[in-house]
>>> print(open('input07.cif').read())   # mmCIF, C-alpha atoms and all ligand atoms
data_my_file
loop_
_atom_site.label_atom_id
_atom_site.label_comp_id
_atom_site.auth_asym_id
_atom_site.auth_seq_id
_atom_site.Cartn_x
_atom_site.Cartn_y
_atom_site.Cartn_z
CA MET B 1 14.85 -22.24 -72.31
CA ASN B 2 16.65 -21.12 -69.19
CA ILE B 3 16.82 -23.67 -66.42
CA PRO B 4 19.64 -22.80 -64.04
CA PHE B 5 21.24 -25.61 -62.10
CA LEU B 6 20.24 -23.95 -58.85
CA ASP B 7 18.44 -20.64 -58.30
CA LEU B 8 19.05 -19.86 -54.63
CA LYS B 9 17.00 -16.69 -54.62
CA LYS B 10 14.01 -18.66 -55.81
CA VAL B 11 14.72 -21.45 -53.31
CA ASN B 12 14.44 -18.89 -50.50
CA GLU B 13 11.50 -16.91 -51.93
CA PRO B 14 8.75 -18.83 -50.08
CA TYR B 15 10.45 -18.10 -46.75
CA ALA B 16 11.95 -14.68 -47.56
CA GLU B 17 9.45 -12.63 -45.55
CA GLN B 18 9.84 -14.86 -42.47
CA MET B 19 13.63 -14.84 -42.90
CA ARG B 20 13.66 -11.03 -43.04
CA GLN B 21 11.55 -10.86 -39.89
CA ALA B 22 13.82 -13.35 -38.11
CA VAL B 23 16.94 -11.36 -39.03
CA SER B 24 15.27 -8.14 -38.00
CA ASP B 25 14.39 -9.67 -34.62
CA VAL B 26 18.06 -10.54 -34.05
CA ILE B 27 19.11 -7.01 -34.97
CA ASN B 28 16.52 -5.56 -32.57
CA SER B 29 17.51 -7.96 -29.78
CA GLY B 30 20.96 -6.43 -29.34
CA ARG B 31 22.42 -9.92 -28.86
CA TYR B 32 24.67 -10.90 -31.77
CA ILE B 33 26.57 -13.94 -30.48
CA GLY B 34 24.82 -17.00 -29.08
CA GLY B 35 21.64 -16.43 -27.11
CA GLU B 36 18.10 -17.72 -27.26
CA VAL B 37 17.94 -17.82 -31.08
CA CYS B 38 20.88 -20.23 -31.25
CA VAL B 39 19.56 -22.35 -28.37
CA SER B 40 16.15 -22.66 -29.95
CA PHE B 41 17.63 -23.72 -33.32
CA GLU B 42 19.84 -26.29 -31.59
CA THR B 43 16.88 -27.69 -29.66
CA LYS B 44 14.88 -27.98 -32.87
CA LEU B 45 17.66 -29.81 -34.73
CA ALA B 46 18.35 -32.19 -31.83
CA LYS B 47 14.66 -33.04 -31.76
CA LYS B 48 14.50 -33.61 -35.53
CA THR B 49 17.48 -35.98 -35.40
CA GLY B 50 16.38 -37.83 -32.28
CA THR B 51 19.55 -36.83 -30.43
CA ASP B 52 20.00 -35.32 -26.97
CA PHE B 53 22.40 -32.53 -27.90
CA CYS B 54 23.09 -30.14 -30.73
CA VAL B 55 25.85 -27.56 -30.93
CA GLY B 56 25.52 -24.92 -33.64
CA VAL B 57 28.85 -24.15 -35.29
CA SER B 58 30.33 -22.04 -38.06
CA ASN B 59 30.17 -24.48 -41.01
CA GLY B 60 30.24 -28.14 -42.01
CA LEU B 61 34.01 -28.54 -42.17
CA ASP B 62 34.35 -27.09 -38.66
CA ALA B 63 31.56 -29.38 -37.45
CA LEU B 64 33.54 -32.43 -38.64
CA ARG B 65 36.79 -31.06 -37.28
CA LEU B 66 35.26 -30.20 -33.89
CA ILE B 67 33.89 -33.74 -33.51
CA ILE B 68 37.41 -35.12 -33.97
CA GLU B 69 38.92 -32.49 -31.66
CA GLY B 70 36.20 -33.27 -29.10
CA TYR B 71 37.02 -36.96 -29.17
CA LYS B 72 40.71 -36.05 -28.88
CA VAL B 73 40.26 -34.17 -25.61
CA MET B 74 38.13 -37.09 -24.38
CA GLY B 75 41.00 -39.46 -25.21
CA LYS B 76 38.88 -41.43 -27.69
CA LEU B 77 40.86 -40.32 -30.74
CA ASN B 78 44.55 -39.54 -30.93
CA ILE B 79 46.94 -38.08 -33.45
CA GLY B 80 47.96 -40.79 -35.91
CA ASP B 81 44.77 -42.85 -35.49
CA GLU B 82 43.08 -44.03 -38.68
CA ILE B 83 39.59 -43.05 -39.74
CA ILE B 84 37.84 -44.92 -42.53
CA VAL B 85 36.19 -42.62 -45.05
CA PRO B 86 34.72 -43.09 -48.55
CA SER B 87 37.08 -42.43 -51.48
CA ASN B 88 34.38 -40.43 -53.29
CA THR B 89 33.37 -37.59 -51.03
CA TYR B 90 33.68 -33.86 -51.02
CA VAL B 91 37.23 -32.99 -49.98
CA ALA B 92 36.05 -31.37 -46.71
CA THR B 93 35.37 -34.77 -45.14
CA VAL B 94 39.01 -35.75 -45.63
CA LEU B 95 40.37 -32.31 -44.72
CA ALA B 96 38.71 -32.56 -41.31
CA ILE B 97 40.66 -35.76 -40.61
CA THR B 98 44.06 -34.56 -41.81
CA HIS B 99 43.69 -31.13 -40.15
CA ALA B 100 43.27 -32.92 -36.83
CA GLY B 101 46.43 -34.97 -37.42
CA LEU B 102 44.66 -38.26 -38.04
CA LYS B 103 44.98 -40.55 -41.03
CA PRO B 104 42.19 -41.00 -43.57
CA VAL B 105 41.89 -44.53 -44.92
CA LEU B 106 39.85 -44.46 -48.11
CA VAL B 107 37.33 -47.18 -48.88
CA GLU B 108 35.75 -47.40 -52.30
CA PRO B 109 32.03 -46.84 -52.87
CA ASP B 110 29.38 -49.20 -54.16
CA ILE B 111 28.79 -48.14 -57.77
CA ASN B 112 25.03 -48.70 -57.33
CA THR B 113 24.56 -46.38 -54.37
CA LEU B 114 27.69 -44.22 -54.80
CA ASN B 115 28.02 -44.50 -51.02
CA ILE B 116 30.79 -46.28 -49.11
CA ASP B 117 30.62 -50.01 -49.74
CA SER B 118 29.92 -51.38 -46.26
CA SER B 119 31.14 -54.83 -47.28
CA ARG B 120 34.63 -53.41 -47.91
CA ILE B 121 35.02 -51.62 -44.58
CA GLU B 122 36.27 -54.55 -42.54
CA GLU B 123 39.25 -55.28 -44.79
CA ALA B 124 40.42 -51.69 -44.22
CA VAL B 125 40.35 -51.99 -40.43
CA THR B 126 43.79 -52.14 -38.78
CA GLU B 127 44.95 -51.98 -35.18
CA HIS B 128 45.05 -48.17 -35.60
CA THR B 129 41.47 -47.74 -36.83
CA ARG B 130 39.29 -45.83 -34.38
CA ALA B 131 36.36 -44.51 -36.42
CA ILE B 132 34.31 -44.67 -39.58
CA MET B 133 33.37 -41.32 -41.05
CA THR B 134 30.41 -42.17 -43.21
CA VAL B 135 29.07 -39.69 -45.77
CA HIS B 136 25.42 -39.70 -46.79
CA LEU B 137 26.45 -38.65 -50.28
CA TYR B 138 23.95 -36.87 -52.54
CA GLY B 139 21.32 -37.30 -49.79
CA ARG B 140 21.30 -41.11 -49.66
CA THR B 141 21.74 -42.63 -46.21
CA ALA B 142 25.08 -44.45 -45.85
CA TYR B 143 24.46 -46.53 -42.76
CA ASP B 144 23.36 -50.14 -42.54
CA HIS B 145 23.63 -53.16 -40.28
CA VAL B 146 26.90 -54.25 -41.93
CA MET B 147 28.55 -50.95 -41.00
CA ALA B 148 27.03 -51.02 -37.52
CA ASP B 149 28.22 -54.59 -37.03
CA VAL B 150 31.83 -53.88 -38.10
CA ALA B 151 31.90 -50.78 -35.90
CA THR B 152 30.58 -52.69 -32.91
CA ARG B 153 32.93 -55.65 -33.27
CA HIS B 154 36.00 -53.42 -33.67
CA GLY B 155 34.91 -50.77 -31.16
CA LEU B 156 34.87 -48.00 -33.77
CA LEU B 157 33.14 -44.65 -33.51
CA VAL B 158 30.72 -43.87 -36.32
CA ILE B 159 30.80 -40.22 -37.31
CA GLU B 160 28.26 -39.05 -39.88
CA ASP B 161 29.07 -36.39 -42.44
CA ASN B 162 25.46 -35.31 -42.82
CA ALA B 163 26.09 -32.21 -44.91
CA GLN B 164 23.89 -33.55 -47.70
CA ALA B 165 21.18 -35.71 -46.12
CA ILE B 166 19.27 -33.77 -43.48
CA GLY B 167 15.88 -35.43 -43.06
CA ALA B 168 16.84 -38.81 -44.54
CA GLU B 169 16.20 -42.05 -42.66
CA ALA B 170 17.93 -45.42 -42.37
CA ASP B 171 16.34 -48.85 -42.60
CA VAL B 172 17.90 -49.73 -39.24
CA MET B 173 18.12 -47.92 -35.92
CA GLY B 174 21.30 -46.01 -35.13
CA PHE B 175 23.77 -46.69 -32.34
CA GLY B 176 21.84 -45.33 -29.40
CA GLY B 177 18.79 -47.27 -30.58
CA LYS B 178 16.84 -44.02 -30.34
CA SER B 179 16.86 -42.69 -33.87
CA ASN B 180 16.76 -43.91 -37.45
CA VAL B 181 17.27 -40.42 -38.87
CA THR B 182 20.57 -39.15 -40.30
CA GLY B 183 22.34 -37.14 -37.65
CA GLY B 184 21.14 -39.62 -35.04
CA LEU B 185 22.60 -42.82 -36.50
CA GLY B 186 26.24 -42.68 -35.48
CA HIS B 187 27.92 -41.51 -32.28
CA ALA B 188 28.10 -37.98 -33.64
CA ALA B 189 27.12 -36.14 -36.80
CA ALA B 190 28.19 -33.01 -38.65
CA PHE B 191 25.77 -30.79 -40.58
CA SER B 192 26.49 -28.08 -43.13
CA PHE B 193 24.01 -25.34 -43.90
CA TYR B 194 26.04 -23.93 -46.79
CA PRO B 195 23.50 -22.06 -48.95
CA THR B 196 23.23 -24.81 -51.59
CA LYS B 197 22.43 -27.61 -49.12
CA ASN B 198 18.87 -28.88 -48.71
CA ILE B 199 18.47 -26.56 -45.72
CA GLY B 200 20.71 -23.61 -46.53
CA ALA B 201 21.62 -20.52 -44.54
CA ALA B 202 22.26 -17.08 -46.02
CA GLY B 203 25.97 -17.63 -45.49
CA ASP B 204 28.03 -20.25 -43.70
CA ALA B 205 26.63 -22.35 -40.86
CA GLY B 206 26.87 -25.85 -39.44
CA ALA B 207 26.01 -28.03 -36.46
CA VAL B 208 27.04 -31.09 -34.49
CA THR B 209 24.48 -33.53 -33.11
CA THR B 210 25.17 -36.31 -30.61
CA SER B 211 23.64 -38.03 -27.61
CA ASP B 212 27.02 -38.11 -25.86
CA ARG B 213 26.96 -35.34 -23.26
CA ASP B 214 30.74 -35.32 -22.85
CA LEU B 215 31.28 -34.89 -26.57
CA ALA B 216 28.65 -32.14 -26.80
CA ASP B 217 30.30 -30.27 -23.91
CA ALA B 218 33.76 -30.68 -25.47
CA VAL B 219 32.59 -29.52 -28.91
CA ARG B 220 30.84 -26.50 -27.42
CA ALA B 221 33.89 -25.53 -25.40
CA ILE B 222 36.37 -26.07 -28.25
CA SER B 223 34.17 -24.04 -30.61
CA ASN B 224 34.32 -21.17 -28.11
CA TYR B 225 38.08 -20.69 -27.47
CA GLY B 226 38.16 -23.88 -25.41
CA SER B 227 36.34 -22.22 -22.54
CA ASP B 228 33.81 -24.00 -20.34
CA ARG B 229 32.89 -20.70 -18.70
CA ARG B 230 33.80 -17.12 -19.36
CA TYR B 231 37.54 -16.41 -19.25
CA HIS B 232 38.31 -19.98 -18.21
CA ASN B 233 40.00 -22.01 -20.94
CA ILE B 234 40.31 -25.74 -20.48
CA TYR B 235 41.29 -26.52 -24.10
CA HIS B 236 43.28 -24.91 -26.90
CA GLY B 237 40.07 -23.97 -28.68
CA PHE B 238 38.93 -22.17 -31.79
CA ASN B 239 36.25 -19.65 -32.57
CA CYS B 240 33.76 -21.70 -34.62
CA ARG B 241 30.41 -20.50 -33.28
CA LEU B 242 27.08 -20.42 -35.07
CA ASP B 243 25.96 -16.89 -35.92
CA PRO B 244 22.51 -16.10 -34.44
CA ILE B 245 21.41 -14.41 -37.67
CA GLN B 246 22.01 -17.71 -39.46
CA ALA B 247 20.35 -19.64 -36.61
CA ALA B 248 17.26 -17.45 -36.97
CA ILE B 249 17.11 -18.05 -40.71
CA LEU B 250 17.69 -21.78 -40.31
CA SER B 251 14.95 -22.10 -37.69
CA VAL B 252 12.48 -20.75 -40.24
CA LYS B 253 13.59 -23.20 -42.91
CA LEU B 254 13.92 -26.22 -40.63
CA ASP B 255 10.16 -26.04 -39.98
CA HIS B 256 9.67 -26.88 -43.66
CA LEU B 257 12.09 -29.83 -43.79
CA GLU B 258 9.48 -32.50 -44.41
CA GLU B 259 7.88 -30.72 -47.38
CA ILE B 260 11.31 -29.90 -48.82
CA CYS B 261 12.34 -33.58 -48.64
CA ASN B 262 9.05 -34.71 -50.13
CA TYR B 263 9.24 -32.33 -53.07
CA ARG B 264 12.80 -33.42 -53.82
CA ARG B 265 11.66 -37.07 -53.80
CA GLN B 266 8.82 -36.18 -56.15
CA LEU B 267 11.27 -34.63 -58.64
CA ALA B 268 13.64 -37.61 -58.39
CA SER B 269 10.88 -40.08 -59.13
CA LEU B 270 9.72 -37.89 -62.02
CA TYR B 271 13.23 -37.96 -63.49
CA ASP B 272 13.35 -41.70 -62.91
CA SER B 273 10.14 -42.27 -64.81
CA LEU B 274 11.09 -39.99 -67.73
CA LEU B 275 14.80 -40.56 -68.30
CA ASN B 276 15.70 -43.08 -70.95
CA PRO B 277 18.34 -45.45 -69.52
CA ASP B 278 19.99 -46.19 -72.90
CA SER B 279 22.80 -43.68 -72.69
CA ILE B 280 22.94 -42.84 -68.98
CA VAL B 281 22.86 -44.74 -65.72
CA LYS B 282 20.12 -43.35 -63.52
CA PRO B 283 20.54 -43.23 -59.76
CA ARG B 284 18.64 -46.09 -58.15
CA ILE B 285 15.51 -45.09 -56.30
CA PRO B 286 15.83 -46.87 -52.95
CA GLU B 287 13.14 -49.34 -51.97
CA ASN B 288 12.39 -47.21 -48.93
CA GLU B 289 12.07 -43.75 -50.43
CA ARG B 290 12.62 -42.13 -47.03
CA THR B 291 16.29 -43.19 -47.11
CA HIS B 292 17.03 -40.55 -49.77
CA VAL B 293 16.50 -36.79 -49.78
CA TRP B 294 18.11 -36.16 -53.17
CA HIS B 295 20.62 -33.45 -52.42
CA GLN B 296 21.86 -34.22 -55.92
CA TYR B 297 20.33 -36.25 -58.75
CA VAL B 298 23.47 -37.75 -60.25
CA VAL B 299 23.53 -39.70 -63.50
CA LEU B 300 26.58 -41.51 -64.89
CA ALA B 301 27.27 -41.00 -68.59
CA ASP B 302 30.06 -42.21 -70.90
CA LYS B 303 29.87 -38.95 -72.84
CA ARG B 304 29.42 -36.86 -69.74
CA ASP B 305 31.12 -33.69 -70.99
CA ALA B 306 29.31 -33.77 -74.34
CA LEU B 307 26.01 -34.30 -72.56
CA ARG B 308 26.76 -31.38 -70.28
CA GLU B 309 27.52 -29.15 -73.27
CA ALA B 310 24.41 -30.25 -75.15
CA LEU B 311 22.28 -29.36 -72.12
CA ALA B 312 24.10 -26.03 -71.70
CA SER B 313 23.41 -25.17 -75.34
CA LYS B 314 19.71 -25.58 -74.55
CA GLY B 315 19.98 -23.32 -71.52
CA ILE B 316 20.02 -26.12 -68.95
CA GLY B 317 22.53 -25.81 -66.12
CA THR B 318 24.18 -28.88 -64.62
CA ASP B 319 27.03 -29.46 -62.18
CA ILE B 320 29.70 -32.08 -61.55
CA ASN B 321 29.88 -33.34 -57.97
CA TYR B 322 32.78 -33.84 -57.96
CA PRO B 323 35.21 -33.56 -60.87
CA CYS B 324 38.18 -34.67 -58.77
CA ALA B 325 38.19 -37.18 -55.90
CA PRO B 326 40.17 -36.25 -52.77
CA HIS B 327 43.07 -38.62 -53.57
CA ARG B 328 43.55 -36.74 -56.89
CA GLN B 329 43.80 -33.33 -55.24
CA PRO B 330 47.26 -31.75 -55.35
CA CYS B 331 47.26 -31.35 -51.56
CA TYR B 332 47.04 -35.15 -51.16
CA ALA B 333 49.38 -36.06 -54.04
CA ASP B 334 52.13 -37.51 -51.86
CA THR B 335 49.80 -39.28 -49.42
CA LEU B 336 46.39 -40.49 -50.59
CA GLY B 337 47.44 -40.01 -54.20
CA MET B 338 49.90 -42.88 -53.89
CA ASN B 339 47.05 -45.41 -53.99
CA ASP B 340 44.49 -46.30 -56.66
CA TYR B 341 40.78 -45.75 -56.22
CA PRO B 342 39.35 -46.69 -59.61
CA ILE B 343 35.69 -46.55 -58.60
CA ALA B 344 36.07 -43.02 -57.21
CA ASP B 345 37.91 -42.05 -60.41
CA TYR B 346 35.20 -43.61 -62.55
CA ILE B 347 32.50 -41.67 -60.74
CA SER B 348 34.32 -38.34 -60.97
CA SER B 349 34.84 -38.77 -64.72
CA HIS B 350 31.27 -39.93 -65.46
CA CYS B 351 28.97 -38.12 -63.00
CA LEU B 352 26.62 -35.33 -63.90
CA SER B 353 24.19 -33.62 -61.52
CA LEU B 354 20.89 -32.58 -63.09
CA PRO B 355 18.95 -29.64 -61.66
CA LEU B 356 16.91 -30.70 -58.62
CA SER B 357 15.74 -28.19 -56.06
CA THR B 358 12.58 -26.72 -54.59
CA ALA B 359 13.01 -23.91 -57.15
CA LEU B 360 12.65 -26.37 -60.03
CA THR B 361 9.11 -26.91 -61.34
CA THR B 362 7.92 -30.32 -62.51
CA GLU B 363 7.52 -28.81 -66.00
CA GLN B 364 11.19 -27.81 -65.94
CA ALA B 365 12.20 -31.29 -64.81
CA GLU B 366 10.24 -32.70 -67.76
CA GLN B 367 12.14 -30.37 -70.11
CA VAL B 368 15.47 -31.44 -68.61
CA ALA B 369 14.59 -35.13 -69.00
CA LYS B 370 13.49 -34.54 -72.61
CA ALA B 371 16.78 -32.78 -73.42
CA VAL B 372 18.81 -35.62 -71.86
CA ASN B 373 16.81 -38.20 -73.82
CA GLU B 374 17.30 -36.27 -77.09
CA PHE B 375 21.04 -36.36 -76.52
C1 LIG A 1 29.25 -29.12 -48.01
C2 LIG A 1 29.94 -30.30 -47.48
C3 LIG A 1 30.87 -30.20 -46.45
C4 LIG A 1 31.41 -28.91 -45.94
O1 LIG A 1 30.46 -28.04 -45.43
P1 LIG A 1 30.80 -26.47 -45.36
O2 LIG A 1 29.66 -25.91 -44.59
O3 LIG A 1 30.86 -25.97 -46.77
O4 LIG A 1 32.10 -26.32 -44.65
C5 LIG A 1 31.40 -31.36 -45.93
N1 LIG A 1 31.05 -32.57 -46.42
C6 LIG A 1 30.18 -32.70 -47.42
C7 LIG A 1 29.82 -34.06 -47.90
C8 LIG A 1 29.60 -31.58 -48.00
O5 LIG A 1 28.73 -31.72 -49.01
#
>>> encode(input="input07.cif", output="structure tokens")
Amino acid sequence: MNIPFLDLKKVNEPYAEQMRQAVSDVINSGRYIGGEVCVSFETKLAKKTGTDFCVGVSNGLDALRLIIEGYKVMGKLNIGDEIIVPSNTYVATVLAITHAGLKPVLVEPDINTLNIDSSRIEEAVTEHTRAIMTVHLYGRTAYDHVMADVATRHGLLVIEDNAQAIGAEADVMGFGGKSNVTGGLGHAAAFSFYPTKNIGAAGDAGAVTTSDRDLADAVRAISNYGSDRRYHNIYHGFNCRLDPIQAAILSVKLDHLEEICNYRRQLASLYDSLLNPDSIVKPRIPENERTHVWHQYVVLADKRDALREALASKGIGTDINYPCAPHRQPCYADTLGMNDYPIADYISSHCLSLPLSTALTTEQAEQVAKAVNEF
């Protein structure tokens, strides 16, 4: 048996011919920065998220960072302000906050959803809190009326880290009242199109969505040397633009978002029906299946490392997302590392991601489930 955790070549195979054509069109166009290809991708993503504006950027970390920098030039965030963020996220979410000179305040997740526990947000709010950076971890929407209510009462911005949940929905409408889709729930959202994400580029890429025109303008300017027009710099900007070759590739794949989400849900419910819950904790299938797009299918196991080895010995690849929570990273040892986050620690020492992608066949998923059950 050989079931890799993720076979990216196979993931892209159904679109490879269209992707090649799209790249070839960019090469033939003679325009290699910005242009119509980027605009058309941005328009498509704004439409899919029910937002008014989308700015394509270089990657997911930059998307998060640019949102904060955008709010800084607008005067809505300032150095030293606190941003609430889940204690179990990929380190990039936290890096974006500290890079910008703000302070991450970690809130523990709900062990059932592995997303930030909305009921614990309010106790973390101080007079310095200005935003909640919610993370739709593993593809499950992390936005509900409790979060919206706390944010409204305390005047907090809600920033979505939507690197993992493109296409997922919430049970409630987002802030503008226009969208219930991730990317359109908070005041602004960051996307990553890192190759392993549900919609992956052939390299690095990202985007910001928002219905706030001032933020969109600020993010676009800051991502382009801080210039609002050529050779006119209003901010100390960066170069964090989306590459048109990636935009062209992403436009092809974005057209297939719905079928990609549906197939991932099909695999998750197959795992759910086959996996024996005696020795592992299965992720809960949400009541509304549209609130999850299954970026990862993560089980919790007491003998996680032994399970991983047993699967590897049968040729089944798995991954650990993530083996070390941000507060345990050496770079945060003398700041975030000073506090205890036992739920985040528990998850990082017990979680195991099983293969789940559009390259995985249902037969392969059955073999994976059988191997887990045998263990
Ligand atoms: C992938 C990811 C990022 C970073 O995106 P890049 O494009 O790799 O910079 C940020 N947050 C989360 C939750 C991610 O999964």
>>> closest_residue(input="input07.cif", among="B:Tyr90, B:Tyr32, B:Tyr138, B:Tyr71", to="B:Ala216", atoms="only C-alpha atoms")
B:Tyr71
>>> closest_residue(input="input07.cif", among="B:Leu336, B:Ala163, B:Val293, B:Val94", to="B:Lys197", atoms="all atoms listed in the file")
B:Ala163
>>> residues_near_ligand(input="input07.cif", ligand="ligand LIG 1 (chain A)", cutoff="7 Å", atoms="all atoms listed in the file", output="PyMOL selection string")
chain B and resi 59-62+89-90+92-93+135+137+161-164+192-194+204-206
>>> residues_around(input="input07.cif", residues="B:Gly183", least_positions_apart="6", cutoff="12 Å", atoms="all atoms listed in the file", output="number ranges by chain")
B: 45-54, 134-136, 141-143, 158-170, 173-176, 189-192, 207-211
>>> closest_residue(input="input07.cif", among="B:Asp302, B:Thr291, B:Asn321, B:Ala247", to="B:Met19", atoms="only C-alpha atoms")
B:Ala247
>>> closest_residue(input="input07.cif", among="B:Gly101, B:Ser223, B:Asp305, B:Lys9", to="B:Lys72", atoms="only C-alpha atoms")
B:Gly101
>>> closest_residue(input="input07.cif", among="B:Lys103, B:Arg229, B:Arg20, B:His350", to="B:Val281", atoms="only C-alpha atoms")
B:His350
>>> residues_around(input="input07.cif", residues="stretch 366-370 of chain B", least_positions_apart="4", cutoff="10 Å", atoms="only C-alpha atoms", output="JSON, numbers by chain")
{"B": [1, 3, 267, 270, 271, 272, 273, 274, 275, 276, 311, 314, 315, 316, 317, 318, 354, 355, 361, 362, 374, 375]}
>>> atom_distance(input="input07.cif", atom1="atom CA of B:Leu250", atom2="atom CA of B:Ala201")
5.9 Å
>>> closest_residue(input="input07.cif", among="B:Leu6, B:Ala248, B:Ile84, B:Leu106", to="B:Ala359", atoms="only C-alpha atoms")
B:Leu6
>>> atom_distance(input="input07.cif", atom1="atom CA of B:Val298", atom2="atom CA of B:Cys351")
6.2 Å
>>> residues_around(input="input07.cif", residues="B:Tyr15", least_positions_apart="6", cutoff="10 Å", atoms="all atoms listed in the file", output="mmCIF file with C-alpha atoms, in the frame of the given file")
data_model
loop_
_atom_site.group_PDB
_atom_site.id
_atom_site.type_symbol
_atom_site.label_atom_id
_atom_site.label_comp_id
_atom_site.auth_asym_id
_atom_site.auth_seq_id
_atom_site.Cartn_x
_atom_site.Cartn_y
_atom_site.Cartn_z
ATOM 1 C CA ILE B 249 17.110 -18.050 -40.710
ATOM 2 C CA VAL B 252 12.480 -20.750 -40.240
ATOM 3 C CA LYS B 253 13.590 -23.200 -42.910
ATOM 4 C CA HIS B 256 9.670 -26.880 -43.660
#
>>> atom_distance(input="input07.cif", atom1="atom CA of B:Ile121", atom2="atom CA of B:Leu185")
17.2 Å
>>> residues_around(input="input07.cif", residues="B:Met338", least_positions_apart="4", cutoff="10 Å", atoms="only C-alpha atoms", output="short mmCIF file (atom, residue, chain, number, x, y, z; two decimals) with C-alpha atoms, in the frame of the given file")
data_model
loop_
_atom_site.label_atom_id
_atom_site.label_comp_id
_atom_site.auth_asym_id
_atom_site.auth_seq_id
_atom_site.Cartn_x
_atom_site.Cartn_y
_atom_site.Cartn_z
CA HIS B 327 43.07 -38.62 -53.57
CA ARG B 328 43.55 -36.74 -56.89
CA TYR B 332 47.04 -35.15 -51.16
CA ALA B 333 49.38 -36.06 -54.04
CA ASP B 334 52.13 -37.51 -51.86
#
